[in-house]
Structures are given as structure tokens and as C-alpha cells.
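**Student:** Below is the file entry-v9.tsv, with TSV, C-alpha atoms.
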```tsv
chain	number	residue	atom	x	y	z
A	9	MET	CA	170.20	-8.64	-19.32
A	10	GLY	CA	171.46	-12.10	-20.19
A	11	LEU	CA	168.58	-13.22	-22.46
A	12	LYS	CA	170.04	-15.49	-25.15
A	13	THR	CA	169.05	-17.43	-28.25
A	14	ARG	CA	170.56	-20.41	-30.02
A	15	TRP	CA	170.69	-21.66	-33.60
A	16	ARG	CA	169.24	-24.97	-34.77
A	17	LEU	CA	168.88	-26.70	-38.14
A	18	SER	CA	165.52	-26.08	-39.79
A	19	SER	CA	163.06	-28.96	-40.26
A	20	ASP	CA	163.90	-29.28	-43.97
A	21	GLY	CA	167.64	-29.27	-43.22
A	22	THR	CA	168.41	-26.45	-45.64
A	23	SER	CA	169.10	-23.60	-43.23
A	24	TYR	CA	169.56	-22.59	-39.62
A	25	GLU	CA	167.01	-20.68	-37.56
A	26	GLN	CA	167.01	-19.10	-34.14
A	27	GLU	CA	165.05	-20.20	-31.09
A	28	PRO	CA	165.05	-18.99	-27.48
A	29	ALA	CA	167.80	-20.67	-25.44
A	30	ASN	CA	165.97	-20.21	-22.12
A	31	PRO	CA	162.46	-19.33	-20.96
A	32	ILE	CA	161.96	-15.57	-20.66
A	33	PRO	CA	161.59	-14.24	-17.08
A	34	ILE	CA	158.37	-12.41	-16.26
A	35	ALA	CA	160.04	-9.13	-15.35
A	36	PRO	CA	160.29	-5.63	-16.85
A	37	THR	CA	162.53	-5.86	-19.94
A	38	ARG	CA	163.83	-3.54	-22.65
A	39	LEU	CA	161.90	-4.07	-25.87
A	40	ASP	CA	164.99	-4.65	-28.03
A	41	ASP	CA	166.35	-7.25	-25.58
A	42	LEU	CA	162.96	-9.00	-25.51
A	43	LEU	CA	162.79	-9.22	-29.31
A	44	VAL	CA	166.19	-10.91	-29.39
A	45	ALA	CA	165.27	-13.27	-26.54
A	46	MET	CA	162.14	-14.28	-28.49
A	47	ALA	CA	164.39	-15.07	-31.50
A	48	VAL	CA	162.43	-12.56	-33.60
A	49	PHE	CA	165.71	-10.89	-34.57
A	50	PRO	CA	169.25	-12.34	-34.46
A	51	SER	CA	170.81	-9.29	-32.79
A	52	THR	CA	169.98	-6.19	-30.81
A	53	LYS	CA	171.17	-4.07	-33.74
A	54	ARG	CA	168.64	-5.67	-36.10
A	55	ALA	CA	165.87	-5.30	-33.52
A	56	ARG	CA	166.62	-1.60	-33.05
A	57	ARG	CA	166.65	-1.04	-36.82
A	58	ALA	CA	163.21	-2.64	-37.16
A	59	ILE	CA	161.86	-0.46	-34.35
A	60	ASP	CA	163.36	2.68	-35.93
A	61	GLU	CA	161.73	1.69	-39.26
A	62	LYS	CA	158.35	1.41	-37.49
A	63	LYS	CA	157.95	-2.29	-38.22
A	64	VAL	CA	157.23	-3.22	-34.60
A	65	LYS	CA	153.93	-2.80	-32.81
A	66	VAL	CA	153.19	-3.70	-29.20
A	67	GLY	CA	149.77	-4.96	-28.19
A	68	LEU	CA	148.97	-3.80	-24.68
A	69	PHE	CA	146.79	-5.53	-22.06
A	70	ASP	CA	146.17	-4.57	-18.45
A	71	LYS	CA	148.76	-5.70	-15.87
A	72	ASN	CA	147.14	-9.12	-15.42
A	73	GLY	CA	147.37	-10.00	-19.10
A	74	ARG	CA	143.63	-9.50	-19.68
A	75	GLY	CA	141.25	-6.72	-20.50
A	76	GLU	CA	141.16	-4.31	-23.43
A	77	PHE	CA	143.76	-4.90	-26.13
A	78	THR	CA	145.26	-1.98	-28.05
A	79	GLU	CA	148.08	-1.81	-30.59
A	80	GLU	CA	150.70	0.92	-30.47
A	81	MET	CA	153.55	1.61	-32.86
A	82	CYS	CA	156.91	1.56	-31.04
A	83	ILE	CA	159.56	4.09	-31.97
A	84	ASP	CA	161.72	3.80	-28.84
A	85	HIS	CA	163.83	0.62	-28.71
A	86	ALA	CA	164.83	1.32	-25.09
A	87	ILE	CA	161.25	1.30	-23.81
A	88	VAL	CA	160.74	-1.09	-20.88
A	89	VAL	CA	157.85	-3.53	-21.27
A	90	HIS	CA	156.42	-6.35	-19.19
A	91	PRO	CA	156.43	-9.59	-21.24
A	92	SER	CA	153.31	-10.97	-19.56
A	93	THR	CA	151.10	-7.99	-20.52
A	94	ILE	CA	151.99	-7.45	-24.18
A	95	SER	CA	151.89	-9.04	-27.60
A	96	ILE	CA	154.44	-8.36	-30.31
A	97	ILE	CA	153.33	-7.58	-33.86
A	98	ILE	CA	155.99	-7.50	-36.60
A	99	ASP	CA	154.84	-6.29	-40.05
A	100	GLY	CA	151.28	-7.15	-39.09
A	101	GLU	CA	152.11	-10.67	-37.87
A	102	MET	CA	151.51	-11.60	-34.22
A	103	LYS	CA	154.59	-13.22	-32.67
A	104	PRO	CA	153.81	-15.76	-29.91
A	105	ILE	CA	155.26	-14.97	-26.51
A	106	ASP	CA	153.08	-16.72	-23.92
A	107	SER	CA	154.67	-20.15	-24.43
A	108	LEU	CA	158.17	-18.64	-24.13
A	109	LEU	CA	157.67	-17.10	-20.68
A	110	CYS	CA	158.95	-18.63	-17.46
A	111	SER	CA	156.62	-20.62	-15.23
A	112	TYR	CA	156.23	-19.97	-11.50
A	113	ILE	CA	154.46	-22.81	-9.66
A	114	LEU	CA	153.60	-23.42	-6.02
A	115	LEU	CA	153.09	-27.15	-5.36
A	116	HIS	CA	152.11	-29.06	-2.22
A	117	LYS	CA	154.58	-31.94	-2.12
A	118	PRO	CA	153.17	-35.06	-0.43
A	119	ARG	CA	155.27	-37.49	1.63
A	120	GLY	CA	156.96	-40.18	-0.43
A	121	TYR	CA	157.91	-38.00	-3.42
A	122	ILE	CA	161.42	-36.86	-4.29
A	123	CYS	CA	162.44	-33.56	-5.87
A	124	SER	CA	164.65	-35.04	-8.60
A	125	VAL	CA	163.85	-34.25	-12.23
A	126	THR	CA	164.73	-37.84	-13.16
A	127	PRO	CA	163.76	-40.21	-10.30
A	128	GLU	CA	165.51	-43.58	-10.27
A	129	ASN	CA	164.51	-47.10	-9.24
A	130	GLY	CA	160.81	-46.46	-9.62
A	131	ALA	CA	160.73	-43.54	-7.18
A	132	LYS	CA	157.89	-41.03	-7.44
A	133	GLY	CA	158.94	-37.51	-8.47
A	134	VAL	CA	157.25	-34.17	-7.82
A	135	PHE	CA	157.32	-33.30	-11.53
A	136	ASP	CA	154.93	-36.19	-12.18
A	137	LEU	CA	152.36	-34.33	-10.07
A	138	LEU	CA	152.23	-31.54	-12.66
A	139	ASP	CA	150.76	-34.06	-15.11
A	140	SER	CA	148.23	-35.62	-12.74
A	141	ALA	CA	146.98	-32.56	-10.82
A	142	LYS	CA	144.47	-30.16	-12.29
A	143	SER	CA	145.22	-26.45	-12.28
A	144	ASP	CA	143.53	-23.34	-13.62
A	145	ASN	CA	145.19	-20.96	-16.03
A	146	ASP	CA	148.10	-19.02	-14.57
A	147	ALA	CA	148.00	-15.36	-13.58
A	148	PHE	CA	148.58	-14.36	-17.21
A	149	GLY	CA	145.84	-16.47	-18.77
A	150	ARG	CA	148.11	-19.27	-20.00
A	151	ALA	CA	146.46	-22.69	-19.91
A	152	ILE	CA	149.78	-24.44	-20.48
A	153	CYS	CA	152.90	-24.59	-18.35
A	154	ASN	CA	156.32	-24.01	-19.88
A	155	ARG	CA	158.26	-27.05	-18.61
A	156	ALA	CA	161.59	-26.23	-20.28
A	157	GLY	CA	164.32	-26.12	-17.63
A	158	LEU	CA	161.86	-26.31	-14.71
A	159	PHE	CA	163.59	-26.87	-11.35
A	160	VAL	CA	162.79	-26.82	-7.63
A	161	CYS	CA	163.88	-23.91	-5.43
A	162	GLY	CA	164.65	-25.34	-2.00
A	163	ARG	CA	164.18	-29.11	-2.01
A	164	LEU	CA	162.39	-31.23	0.56
A	165	ASP	CA	163.51	-34.77	1.39
A	166	CYS	CA	161.34	-37.77	0.53
A	167	GLN	CA	159.58	-38.00	3.90
A	168	SER	CA	158.95	-34.25	4.20
A	169	GLU	CA	155.99	-32.42	2.69
A	170	GLY	CA	154.66	-28.96	2.13
A	171	LEU	CA	155.13	-26.07	-0.26
A	172	LEU	CA	157.62	-26.23	-3.12
A	173	LEU	CA	158.40	-23.39	-5.50
A	174	MET	CA	159.12	-24.59	-9.04
A	175	THR	CA	160.33	-22.27	-11.79
A	176	ASN	CA	162.59	-22.02	-14.83
A	177	ASP	CA	163.58	-18.44	-14.07
A	178	GLY	CA	167.30	-18.99	-13.45
A	179	LYS	CA	167.99	-15.48	-12.16
A	180	LEU	CA	165.22	-15.71	-9.58
A	181	GLY	CA	166.30	-19.23	-8.62
A	182	ARG	CA	169.86	-18.13	-7.90
A	183	LYS	CA	168.56	-15.29	-5.73
A	184	LEU	CA	166.23	-17.52	-3.70
A	185	LEU	CA	168.88	-20.21	-3.17
A	186	ASP	CA	171.45	-17.72	-1.91
A	187	PRO	CA	172.01	-18.60	1.80
A	188	GLY	CA	170.39	-16.11	4.14
A	189	ARG	CA	168.21	-14.47	1.49
A	190	CYS	CA	165.10	-16.62	1.74
A	191	GLU	CA	162.95	-17.30	4.82
A	192	LYS	CA	161.45	-20.80	5.07
A	193	ARG	CA	158.76	-21.69	7.63
A	194	TYR	CA	158.11	-25.25	8.83
A	195	GLU	CA	155.77	-27.15	11.12
A	196	VAL	CA	157.53	-30.09	12.79
A	197	LEU	CA	155.95	-32.83	14.91
A	198	ILE	CA	158.50	-34.13	17.42
A	199	THR	CA	158.69	-36.66	20.21
A	200	SER	CA	161.44	-37.77	22.57
A	201	LYS	CA	163.99	-40.33	21.36
A	202	THR	CA	163.43	-43.87	22.62
A	203	GLU	CA	166.89	-43.95	24.24
A	204	GLY	CA	168.55	-40.89	25.73
A	205	GLY	CA	165.67	-38.69	24.71
A	206	ALA	CA	165.04	-35.16	25.99
A	207	SER	CA	162.13	-33.95	28.09
A	208	MET	CA	158.79	-33.13	26.39
A	209	ASP	CA	157.82	-30.64	29.11
A	210	SER	CA	156.61	-27.50	27.31
A	211	LYS	CA	158.63	-25.08	29.47
A	212	ILE	CA	161.83	-27.08	29.04
A	213	LEU	CA	161.15	-27.28	25.30
A	214	GLN	CA	160.65	-23.53	24.98
A	215	ASP	CA	163.79	-22.79	27.03
A	216	THR	CA	165.77	-25.18	24.82
A	217	PHE	CA	164.44	-23.57	21.66
A	218	ALA	CA	165.22	-20.06	22.93
A	219	LYS	CA	168.80	-21.11	23.66
A	220	VAL	CA	169.21	-22.67	20.21
A	221	CYS	CA	167.93	-19.50	18.52
A	222	ARG	CA	170.24	-17.38	20.67
A	223	GLU	CA	173.43	-19.46	20.60
A	224	GLY	CA	172.89	-21.98	17.79
A	225	GLN	CA	173.34	-25.75	17.78
A	226	TYR	CA	176.15	-27.78	16.21
A	227	ILE	CA	175.14	-30.67	13.94
A	228	VAL	CA	177.31	-33.21	12.15
A	229	GLU	CA	177.79	-32.62	8.43
A	230	GLY	CA	180.11	-35.15	6.86
A	231	SER	CA	183.40	-35.14	8.74
A	232	LYS	CA	182.83	-31.82	10.48
A	233	GLU	CA	180.35	-29.98	12.66
A	234	VAL	CA	178.43	-26.93	11.48
A	235	LEU	CA	176.49	-24.38	13.49
A	236	VAL	CA	172.76	-24.11	12.83
A	237	LEU	CA	171.06	-20.89	13.95
A	238	PRO	CA	167.26	-20.89	13.37
A	239	ALA	CA	165.52	-17.52	13.12
A	240	SER	CA	162.78	-18.75	15.48
A	241	MET	CA	161.44	-21.92	17.15
A	242	ASN	CA	158.08	-21.91	18.92
A	243	ILE	CA	155.61	-24.49	20.20
A	244	VAL	CA	152.45	-24.40	18.06
A	245	GLU	CA	149.39	-23.68	20.22
A	246	ARG	CA	146.93	-23.87	17.30
A	247	LEU	CA	146.12	-26.66	14.85
A	248	PRO	CA	148.86	-27.11	12.24
A	249	LYS	CA	148.27	-25.46	8.86
A	250	ALA	CA	149.29	-28.43	6.71
A	251	SER	CA	146.94	-31.37	6.19
A	252	HIS	CA	147.84	-34.34	8.44
A	253	HIS	CA	145.02	-36.84	8.07
A	254	ASP	CA	147.15	-39.96	8.49
A	255	LEU	CA	148.99	-39.23	11.73
A	256	GLN	CA	147.72	-42.42	13.30
A	257	ASP	CA	149.62	-44.42	10.68
A	258	TYR	CA	153.03	-43.62	12.11
A	259	VAL	CA	152.61	-42.00	15.54
A	260	GLU	CA	152.73	-44.39	18.50
A	261	MET	CA	149.50	-44.52	20.50
A	262	ASP	CA	151.16	-43.55	23.80
A	263	ALA	CA	153.72	-41.12	22.35
A	264	ILE	CA	153.87	-37.58	23.74
A	265	CYS	CA	154.15	-35.30	20.72
A	266	THR	CA	154.50	-31.57	20.19
A	267	TRP	CA	154.17	-29.41	17.11
A	268	VAL	CA	156.93	-26.83	16.66
A	269	GLU	CA	157.05	-23.97	14.15
A	270	VAL	CA	160.57	-23.27	12.92
A	271	VAL	CA	161.85	-20.50	10.65
A	272	LEU	CA	165.15	-21.02	8.82
A	273	MET	CA	167.15	-18.65	6.63
A	274	ASP	CA	169.58	-21.23	5.25
A	275	GLY	CA	168.84	-24.63	3.73
A	276	ARG	CA	171.20	-27.47	4.57
A	277	LYS	CA	170.32	-31.04	3.65
A	278	ARG	CA	167.92	-32.58	6.22
A	279	GLU	CA	168.83	-29.69	8.52
A	280	LEU	CA	165.80	-29.83	10.82
A	281	ARG	CA	165.91	-33.60	11.25
A	282	ARG	CA	169.58	-33.41	12.27
A	283	LEU	CA	168.94	-30.37	14.49
A	284	PHE	CA	166.17	-32.03	16.50
A	285	GLY	CA	168.17	-35.27	16.59
A	286	ALA	CA	171.08	-33.40	18.19
A	287	LEU	CA	168.66	-32.01	20.80
A	288	GLY	CA	167.35	-35.49	21.69
A	289	TYR	CA	164.11	-35.59	19.68
A	290	ARG	CA	162.69	-37.59	16.80
A	291	VAL	CA	160.91	-35.88	13.89
A	292	LEU	CA	157.61	-37.62	13.13
A	293	ARG	CA	156.28	-35.14	10.61
A	294	LEU	CA	157.83	-32.18	8.78
A	295	ALA	CA	155.95	-29.77	6.54
A	296	ARG	CA	157.01	-26.49	4.93
A	297	THR	CA	154.21	-23.93	5.23
A	298	ALA	CA	155.81	-20.85	3.68
A	299	PHE	CA	158.67	-20.08	1.32
A	300	SER	CA	160.08	-16.55	1.04
A	301	GLY	CA	156.82	-15.06	2.27
A	302	ILE	CA	154.66	-17.10	-0.14
A	303	SER	CA	152.06	-19.33	1.47
A	304	ASP	CA	148.60	-20.76	0.78
A	305	ASP	CA	146.49	-22.22	3.58
A	306	GLU	CA	144.02	-23.74	1.10
A	307	LEU	CA	146.75	-25.46	-0.91
A	308	LEU	CA	148.23	-26.85	2.31
A	309	GLN	CA	145.07	-28.96	2.64
A	310	LEU	CA	145.52	-30.48	-0.84
A	311	PRO	CA	148.63	-32.70	-1.04
A	312	GLY	CA	149.75	-33.20	-4.64
A	313	ASP	CA	147.93	-30.14	-5.99
A	314	PHE	CA	149.54	-26.96	-7.33
A	315	ARG	CA	148.79	-23.49	-8.58
A	316	HIS	CA	150.58	-20.75	-10.52
A	317	LEU	CA	151.92	-17.75	-8.65
A	318	THR	CA	150.08	-14.48	-9.07
A	319	PHE	CA	151.62	-11.41	-10.67
A	320	ASP	CA	152.02	-9.78	-7.25
A	321	GLU	CA	153.69	-12.87	-5.78
A	322	ILE	CA	156.20	-13.02	-8.64
A	323	SER	CA	156.98	-9.31	-8.24
A	324	LYS	CA	157.44	-9.83	-4.49
A	325	LEU	CA	159.99	-12.60	-5.08
A	326	GLN	CA	161.86	-10.57	-7.68
A	327	SER	CA	162.04	-7.39	-5.56
```
What do you get writing this file as C-alpha cells?

**Tutor:**
Amino acid sequence: MGLKTRWRLSSDGTSYEQEPANPIPIAPTRLDDLLVAMAVFPSTKRARRAIDEKKVKVGLFDKNGRGEFTEEMCIDHAIVVHPSTISIIIDGEMKPIDSLLCSYILLHKPRGYICSVTPENGAKGVFDLLDSAKSDNDAFGRAICNRAGLFVCGRLDCQSEGLLLMTNDGKLGRKLLDPGRCEKRYEVLITSKTEGGASMDSKILQDTFAKVCREGQYIVEGSKEVLVLPASMNIVERLPKASHHDLQDYVEMDAICTWVEVVLMDGRKRELRRLFGALGYRVLRLARTAFSGISDDELLQLPGDFRHLTFDEISKLQS
């Protein structure tokens, strides 16, 4: 299943010992593969031998990692277990697993933050928000967040805001970043360009959006033009979901503005800003309100805050 370990020199410098090379995904896993990924045994063969010799016990919780705890002797090395709901006991010794599991975080990115792991020139990064914001334990009772290899799935530019999914589950990340596999929903506040702008009449807007969704719109990307084909574009008749308390700071007093909800299946750099620019509009505000079916109306009112995904949300993304 691709779970690997690596060797490092021990603290006293006299020998080498194994450690997990990557965080362990929260997904159903064969017991022998999990033992190797945890660096409990150096090979699958050694793990299977220990199981056959009845040296391995599995402590079982309910599916949310809580509830009654029972120990069971394992005699089947091919049994499939869920890493977030078990504990591993080898020769009576509990082996830690919680800190080795992947993290799955939903964060509300504010305007003015970049998605880089290492911001430059004093820029503010979204990973700094994980230190400043307060969050409850995750869905599996862990009070700490495994930061090793954490990355953003589907970046937002500096002036955009909204929901970001952060994880160190590489397999899930590759799936979500595959073009056409992941639906992303946005709320965009637009107005007409100062020069050569398009009409803000609601009927003309809706007709334009329908045509773009039906036929697509070419935008400039480097030295070529690419076709953008949104899944849907609709004028928002209700109040926007995301928190927008400071609109007066950057919206002209006499500007005619309209909120538009857009759903995209791909994720080109600054795609929506270039799309609306090609149609004759300026983007005043851009917020992502849902990512691959995951949303949180309460979190959308709390810029800079975050929470851990639930067990069901993780399973939904992995399915």
C-alpha cells in the first residue's frame, strides 16, 4: 500500500533504528502493513511472524476512537484495521500510533495570507494560523496536530479567502488535485470594469453566465489561450455565506456590485479573476465556500480559525 519507513542513527550514535517515513493515512489498512509503517518491525515478514507467534494484540475502540477499550489477540496478519480506532500492543507494551497518523484540517483563510509553507519577505502564511488559532481535539481525540509534511490541497491567492483543506495524506492529496475530480464552490463579488466594462444588468449577467457554462470562455495563460468551462455560474439572491465585515474598505460607494456563485472542477492559477476579467468585470471579493463537498457555514464566519475533519468527512473524501 506504499507505507514506508526509513533508518536513522540512534541518539547515542551506536546503532540505526527505524522511524516512519511519512504520516500514516487514516484509512483501512492491513495489520502487517500498518506495523511496518509504524516502524514496529523492519519488514512485513517479521511482522507476520510476530502475529503468528501471538505477540501482537490490538486494542479496539468504537469507530470514533472513543468508548470502551478491549484487547484482542491477533492471529491473522491480513486482517484489515482502521488506524484511528485501534491501539497496538506488542509483548504487553503499548505502541504509540496517534502521533503518527495523518492530519486533515479545514481552515478559513483570511485575505492577505499566502499558501506557501515558507513565506518570503515577511509575508503572512496560512500555516502560521495553526499556531495562533485555537482548536478542539480532532475526530479521533488527538489534542495535537501532526505537522510533518502538511500541505494545502487547492491553493487560494493572497487576496482570496475561504476554506482550505490541509493534510499530509499524499494519496488523498493527489486524488483531490487531479483535474476534474474535485468540485470547488466560490462566492465572487464583481463590478464592471472602469473602462470597457460590461453591463451589470441582472438578466444580461445571467445570460452571459449561461453562455460561458455552455460554451466556455478563453483566458490568457502565458503565451497561449486556454478554455475555461465552469460547472455553474449563478447570481446569489441570498446573503453570502462567507464573512465580509469590511466590504466598505475596498468597495466604491457608488459601485454597482453583484455576488455570483461559481462552481469549478479544475483549478488554474487565479482562474476566476482572469475569467471575469475576460468578461469585462472586476473581482472585488473572492471566497471559497466548499471544497469537494466539504463545507462549514459556522467556520466561514471565523476568518483565521480551523477545525479537524470528522471521520465521515475523511471517508467521503477517500471514497

**Student:** What does the distance between atom CA of A:Gly120 and atom CA of A:Arg290 come to in Å, to one decimal place?

**Tutor:**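 Atom CA of A:Gly120 sits 18.3 Å away from atom CA of A:Arg290.
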
**Student:** May I ask for the distance between atom CA of A:Leu184 and atom CA of A:Ser124, given in Å to one decimal place?

**Tutor:**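 If I compute the distance from atom CA of A:Leu184 to atom CA of A:Ser124, I get 18.3 Å.
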
**Student:** Find the distance between atom CA of A:Ile198 and atom CA of A:Gly130 and write it in Å to one decimal.

**Tutor:**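 Interatomic distance, atom CA of A:Ile198 to atom CA of A:Gly130: 29.8 Å.
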
**Student:** For each of A:Leu171, A:Leu283, A:Val125, A:Cys265, take the minimum atom-to-atom distance to A:Glu229, counting only C-alpha atoms, then give the residue where this is smallest.

**Tutor:** A:Leu283

**Student:** Would you compute an axis-aligned box for stretch 185-191 of chain A, covering every atom listed for it in the file with 8 Å of margin on each side, and report centre and edge lengths in Å to one decimal as AutoDock Vina command-line options?

**Tutor:**
```
--center_x 167.5 --center_y -17.3 --center_z 0.8 --size_x 25.1 --size_y 21.7 --size_z 24.0
```

**Student:** Taking (154.5, -35.0, 10.5) in the file's coordinates, which residues come within 8 Å, counting only C-alpha atoms, written as a list in words?

**Tutor:**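 Here the neighbourhood of the point contains Ser168, Glu195, Val196, Leu197, His252, Leu255, Val291, Leu292, Arg293, Leu294 and Ala295 of chain A.
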
**Student:** Using only C-alpha atoms, which of A:Ile34, A:Val89, A:Val134, A:Leu158 sits nearest A:Phe314?

**Tutor:** A:Val134

**Student:** Set the distance at 10 Å and use all atoms listed in the file: which residues neighbour A:Ile243 once local chain neighbours fewer than 3 positions away are removed? I'd like the list as a VMD selection string.

**Tutor:** chain A and resid 195 to 197 210 to 211 213 to 214 217 246 266 to 270

**Student:** Mind checking which residues fall within 12 Å of A:Leu308, counting only C-alpha atoms, ignoring those fewer than 5 positions away in the same chain, and posting them as a PDB file with C-alpha atoms, keeping the file's coordinate frame?

**Tutor:**
```pdb
ATOM      1  CA  LEU A 114     153.600 -23.420  -6.020  1.00  0.00           C
ATOM      2  CA  LEU A 115     153.090 -27.150  -5.360  1.00  0.00           C
ATOM      3  CA  HIS A 116     152.110 -29.060  -2.220  1.00  0.00           C
ATOM      4  CA  LYS A 117     154.580 -31.940  -2.120  1.00  0.00           C
ATOM      5  CA  PRO A 118     153.170 -35.060  -0.430  1.00  0.00           C
ATOM      6  CA  GLU A 169     155.990 -32.420   2.690  1.00  0.00           C
ATOM      7  CA  GLY A 170     154.660 -28.960   2.130  1.00  0.00           C
ATOM      8  CA  LEU A 171     155.130 -26.070  -0.260  1.00  0.00           C
ATOM      9  CA  LEU A 172     157.620 -26.230  -3.120  1.00  0.00           C
ATOM     10  CA  TYR A 194     158.110 -25.250   8.830  1.00  0.00           C
ATOM     11  CA  GLU A 195     155.770 -27.150  11.120  1.00  0.00           C
ATOM     12  CA  PRO A 248     148.860 -27.110  12.240  1.00  0.00           C
ATOM     13  CA  LYS A 249     148.270 -25.460   8.860  1.00  0.00           C
ATOM     14  CA  ALA A 250     149.290 -28.430   6.710  1.00  0.00           C
ATOM     15  CA  SER A 251     146.940 -31.370   6.190  1.00  0.00           C
ATOM     16  CA  HIS A 252     147.840 -34.340   8.440  1.00  0.00           C
ATOM     17  CA  HIS A 253     145.020 -36.840   8.070  1.00  0.00           C
ATOM     18  CA  ALA A 295     155.950 -29.770   6.540  1.00  0.00           C
ATOM     19  CA  ARG A 296     157.010 -26.490   4.930  1.00  0.00           C
ATOM     20  CA  THR A 297     154.210 -23.930   5.230  1.00  0.00           C
ATOM     21  CA  ALA A 298     155.810 -20.850   3.680  1.00  0.00           C
ATOM     22  CA  ILE A 302     154.660 -17.100  -0.140  1.00  0.00           C
ATOM     23  CA  SER A 303     152.060 -19.330   1.470  1.00  0.00           C
ATOM     24  CA  ASP A 313     147.930 -30.140  -5.990  1.00  0.00           C
ATOM     25  CA  PHE A 314     149.540 -26.960  -7.330  1.00  0.00           C
ATOM     26  CA  ARG A 315     148.790 -23.490  -8.580  1.00  0.00           C
TER      27      ARG A 315
END
```
